[in-house]
Amino acid sequence: MKLRLATLADLDDLHDLEQKAFTHDRLDRRRWRHLLKEAHGQVWVAEDKTKLLGAAVLLLKKGTALARLYSLAVDPAARGRGLAKALMEKIEAAALGEGSVAIRLEVQQGNVPAIGLYERFGFKAIAPLFAYYEDGGDGLRMEKRLKGKLPRGSLKVPFYAQQTSFTCGPACLLMAMSALKKKHKPSISEELNLWRASTTIYMTSGHGGCSGEGLALAAHDQGLEVGLCVSDREVPFVEGVRNSEKKRIIAVVHEDFSKRLKKASIQRIHQRLELDGLKRHLECGGLALVLISTYQMHNEKAPHWVLVVAMDQRFVYLHDPDLDDGQSATDNIAMPVPLDSFGRMARLGRRQYSAALLLR
Ligand SMILES: CC(C)(COP(=O)(O)OP(=O)(O)OC[C@H]1O[C@@H](n2cnc3c(N)ncnc32)[C@H](O)[C@@H]1OP(=O)(O)O)[C@@H](O)C(=O)NCCC(=O)NCCS
């Protein structure tokens, strides 16, 4: 038996293996093509002289130190011979080689062979997944720490995925509200209402995102204690907008937000959020909404709000409400981002603009 990295020439065999190994939630050809051609990760296959017998897919979350075992399958005729064990060893070595500190995966409850394998490799259940699979079955989210420990409390902040491309800020705020306000349950109408309350009306293109000022007012209205740190006194986001009329409207909205912040006695300080200050805030049970550029994670320079849920000596842990195609919360909860990368992400554009809301 031989293990090697897969190529596009394996597409048909991988698709056949998928049909044999799974009865539902199968990856289609399009998905396999994406995994082989574009995805940030590695596809390993196990084969004997004539046939492909097993495959494992590791996905790496760009800009973070998080890896995911996305798929694992062995031909039914070749099971029980240690193929999955060999593939798992490759996957773990690959994740370590890429600097990952944790591997996560999802598995259906009742999948005794797979859960047995993962437990043997040191994976632990970190969350139940209710009615998660196509057949209505429940699942488990599991994680193996390769280095260090996940800071306590980082998985306790409930995750909520943004339902539109422009509501990252409101989705983060809803997560913070469900962690900080007892019995709060997020909904899409609430997400849209929070967006209406905090949008700058226009942004680089499409619907306007939310500014720190708008979100601070919305958080205050929702009964949260909030402090705002912004790096300068300029109007946010105007440099990405060409049309002068749109620039004028954004400035009007910003001025109105600023007046209302003053009236509500919401503290706004004009300085960058320092990592030490962020750490102290998190240690006291607070959470932080931070504006980042998505460049390091998605190769696209767009402003994006994330929720910082924990921090240790090496990483900031983020809940990112934006699920890419094929991703689930498994990829986006408590994502470890190295401190220096986070420092770079949290400065936008030529102005190096930064904004953060400290919530309690
Ligand atoms: C899960 C799967 C990949 C295991 O493949 P495999 O090549 O048969 O596994 P291995 O022979 O390498 O076994 C490795 C370990 O897994 C566990 N394991 C495998 N089959 C098992 C079974 N039937 N019952 C309990 N544990 C089992 C054992 O810990 C085993 O180690 P051991 O033999 O030293 O006790 C295979 O059953 C499969 O393809 N299943 C269908 C697809 C699937 O469910 N994938 C996982 C999705 S999350």
# chains A, B, ... in the order shown; residues from 1 in each chain; ligands from 1
>>> closest_atom_pairs(of="chain A", to="ligand 1", cutoff="8 Å", atoms="only C-alpha atoms and all ligand atoms", output="tab-separated table")
residue	atom	partner	partner_atom_place_in_ligand_line	distance
A:Ala21	CA	ligand 1	41 (C)	4.8
A:Phe22	CA	ligand 1	42 (C)	5.7
A:Gly54	CA	ligand 1	39 (O)	7.4
A:Tyr70	CA	ligand 1	48 (S)	7.9
A:Ser71	CA	ligand 1	47 (C)	6.0
A:Leu72	CA	ligand 1	45 (N)	4.8
A:Ala73	CA	ligand 1	39 (O)	3.5
A:Val74	CA	ligand 1	39 (O)	3.7
A:Asp75	CA	ligand 1	39 (O)	6.1
A:Pro76	CA	ligand 1	39 (O)	6.6
A:Ala78	CA	ligand 1	7 (O)	6.6
A:Arg79	CA	ligand 1	8 (O)	3.3
A:Gly80	CA	ligand 1	11 (O)	3.3
A:Arg81	CA	ligand 1	11 (O)	4.2
A:Gly82	CA	ligand 1	12 (O)	3.1
A:Leu83	CA	ligand 1	7 (O)	4.0
A:Ala84	CA	ligand 1	12 (O)	3.6
A:Lys85	CA	ligand 1	12 (O)	3.8
A:Ala86	CA	ligand 1	12 (O)	6.5
A:Leu87	CA	ligand 1	12 (O)	7.9
A:Leu105	CA	ligand 1	48 (S)	7.1
A:Glu106	CA	ligand 1	48 (S)	5.9
A:Val107	CA	ligand 1	48 (S)	4.1
A:Gln108	CA	ligand 1	48 (S)	6.5
A:Asn111	CA	ligand 1	44 (O)	6.2
A:Val112	CA	ligand 1	25 (C)	5.4
A:Pro113	CA	ligand 1	21 (C)	3.5
A:Ala114	CA	ligand 1	1 (C)	3.8
A:Ile115	CA	ligand 1	26 (N)	7.2
A:Gly116	CA	ligand 1	26 (N)	4.4
A:Leu117	CA	ligand 1	16 (O)	3.5
A:Tyr118	CA	ligand 1	16 (O)	7.2
A:Glu119	CA	ligand 1	29 (O)	7.5
A:Arg120	CA	ligand 1	29 (O)	5.5
>>> select_by_dssp(residues="segment 100-129 of chain A", states="strand (DSSP E or B)", output="tab-separated table (two decimals) with C-alpha atoms, in the first residue's frame")
chain	number	residue	atom	x	y	z
A	102	ALA	CA	-5.60	22.15	16.16
A	103	ILE	CA	-7.47	19.85	13.80
A	104	ARG	CA	-11.26	19.80	13.88
A	105	LEU	CA	-13.74	17.48	12.24
A	106	GLU	CA	-17.42	16.57	12.14
A	107	VAL	CA	-18.68	13.02	12.47
A	108	GLN	CA	-22.13	11.46	12.62
A	124	LYS	CA	-12.27	15.01	21.84
A	125	ALA	CA	-15.91	16.00	21.30
A	126	ILE	CA	-16.27	19.78	21.63
A	127	ALA	CA	-19.91	20.28	20.58
A	128	PRO	CA	-22.99	18.26	19.64
A	129	LEU	CA	-24.53	18.91	16.18
>>> closest_residue(among="A:Gly326, A:His304, A:Ala6, A:Thr294", to="Arg30 of chain A", atoms="only C-alpha atoms")
A:Gly326
>>> closest_residue(among="A:Leu11, A:Val306, A:Cys229, A:His184", to="Ala171 of chain A", atoms="only C-alpha atoms")
A:Val306
>>> select_by_dssp(residues="segment 35-141 of chain A", states="helix (DSSP H, G or I)", output="PyMOL selection string")
chain A and resi 35-37+76-78+83-97+112-120
>>> residues_around(residues="segment 89-92 of chain A", least_positions_apart="3", cutoff="10 Å", atoms="only C-alpha atoms", output="list of chain:residue names")
A:Leu3, A:Arg4, A:Leu5, A:Gln42, A:Val43, A:Trp44, A:Val45, A:Ala56, A:Val57, A:Leu58, A:Leu59, A:Ala67, A:Arg68, A:Leu69, A:Leu83, A:Ala84, A:Lys85, A:Ala86, A:Ala95, A:Leu96, A:Gly97, A:Glu98, A:Ser100, A:Ala102, A:Ile103, A:Phe121, A:Lys144, A:Leu146
>>> residues_around(residues="Lys2 of chain A", least_positions_apart="3", cutoff="8 Å", atoms="only C-alpha atoms", output="JSON list (two decimals) with N, CA, C and O atoms, in the first residue's frame")
[["chain", "number", "residue", "atom", "x", "y", "z"],
["A", 46, "ALA", "N", -4.69, 6.65, -0.53],
["A", 46, "ALA", "CA", -4.01, 5.39, -0.27],
["A", 46, "ALA", "C", -4.35, 4.47, -1.44],
["A", 46, "ALA", "O", -5.51, 4.41, -1.86],
["A", 47, "GLU", "N", -3.36, 3.77, -1.98],
["A", 47, "GLU", "CA", -3.64, 2.89, -3.12],
["A", 47, "GLU", "C", -2.77, 1.64, -3.05],
["A", 47, "GLU", "O", -1.70, 1.65, -2.44],
["A", 48, "ASP", "N", -3.27, 0.56, -3.69],
["A", 48, "ASP", "CA", -2.37, -0.58, -3.88],
["A", 48, "ASP", "C", -1.93, -0.52, -5.33],
["A", 48, "ASP", "O", -2.11, 0.51, -6.00]]
>>> residues_around(residues="Ala251 of chain A", least_positions_apart="5", cutoff="10 Å", atoms="only C-alpha atoms", output="JSON list (two decimals) with N, CA, C and O atoms, in the first residue's frame")
[["chain", "number", "residue", "atom", "x", "y", "z"],
["A", 200, "THR", "N", -23.61, 52.40, 7.44],
["A", 200, "THR", "CA", -23.12, 53.70, 6.97],
["A", 200, "THR", "C", -23.82, 54.08, 5.64],
["A", 200, "THR", "O", -23.42, 55.01, 4.97],
["A", 234, "GLU", "N", -11.24, 60.62, 11.35],
["A", 234, "GLU", "CA", -11.79, 60.75, 10.00],
["A", 234, "GLU", "C", -13.06, 59.91, 9.86],
["A", 234, "GLU", "O", -13.31, 58.99, 10.64],
["A", 235, "VAL", "N", -13.82, 60.22, 8.79],
["A", 235, "VAL", "CA", -15.02, 59.42, 8.50],
["A", 235, "VAL", "C", -14.56, 58.04, 8.02],
["A", 235, "VAL", "O", -13.71, 57.95, 7.14],
["A", 236, "PRO", "N", -15.09, 56.94, 8.61],
["A", 236, "PRO", "CA", -14.64, 55.62, 8.17],
["A", 236, "PRO", "C", -15.17, 55.26, 6.77],
["A", 236, "PRO", "O", -16.26, 55.72, 6.39],
["A", 237, "PHE", "N", -14.42, 54.47, 6.07],
["A", 237, "PHE", "CA", -14.81, 53.84, 4.79],
["A", 237, "PHE", "C", -14.91, 54.76, 3.58],
["A", 237, "PHE", "O", -15.17, 54.29, 2.48],
["A", 238, "VAL", "N", -14.77, 56.09, 3.73],
["A", 238, "VAL", "CA", -14.98, 56.96, 2.56],
["A", 238, "VAL", "C", -13.95, 56.74, 1.45],
["A", 238, "VAL", "O", -14.28, 56.92, 0.27],
["A", 245, "GLU", "N", -21.30, 62.05, -4.01],
["A", 245, "GLU", "CA", -22.58, 62.13, -3.32],
["A", 245, "GLU", "C", -22.66, 61.03, -2.23],
["A", 245, "GLU", "O", -23.10, 61.28, -1.12],
["A", 246, "LYS", "N", -22.16, 59.84, -2.58],
["A", 246, "LYS", "CA", -22.13, 58.75, -1.59],
["A", 246, "LYS", "C", -21.21, 59.11, -0.42],
["A", 246, "LYS", "O", -21.53, 58.86, 0.73],
["A", 256, "ASP", "N", -23.90, 62.18, 12.47],
["A", 256, "ASP", "CA", -25.08, 61.90, 13.30],
["A", 256, "ASP", "C", -24.74, 60.84, 14.37],
["A", 256, "ASP", "O", -25.06, 61.00, 15.54],
["A", 257, "PHE", "N", -24.07, 59.76, 13.95],
["A", 257, "PHE", "CA", -23.65, 58.74, 14.91],
["A", 257, "PHE", "C", -22.79, 59.37, 16.02],
["A", 257, "PHE", "O", -22.97, 59.08, 17.19]]
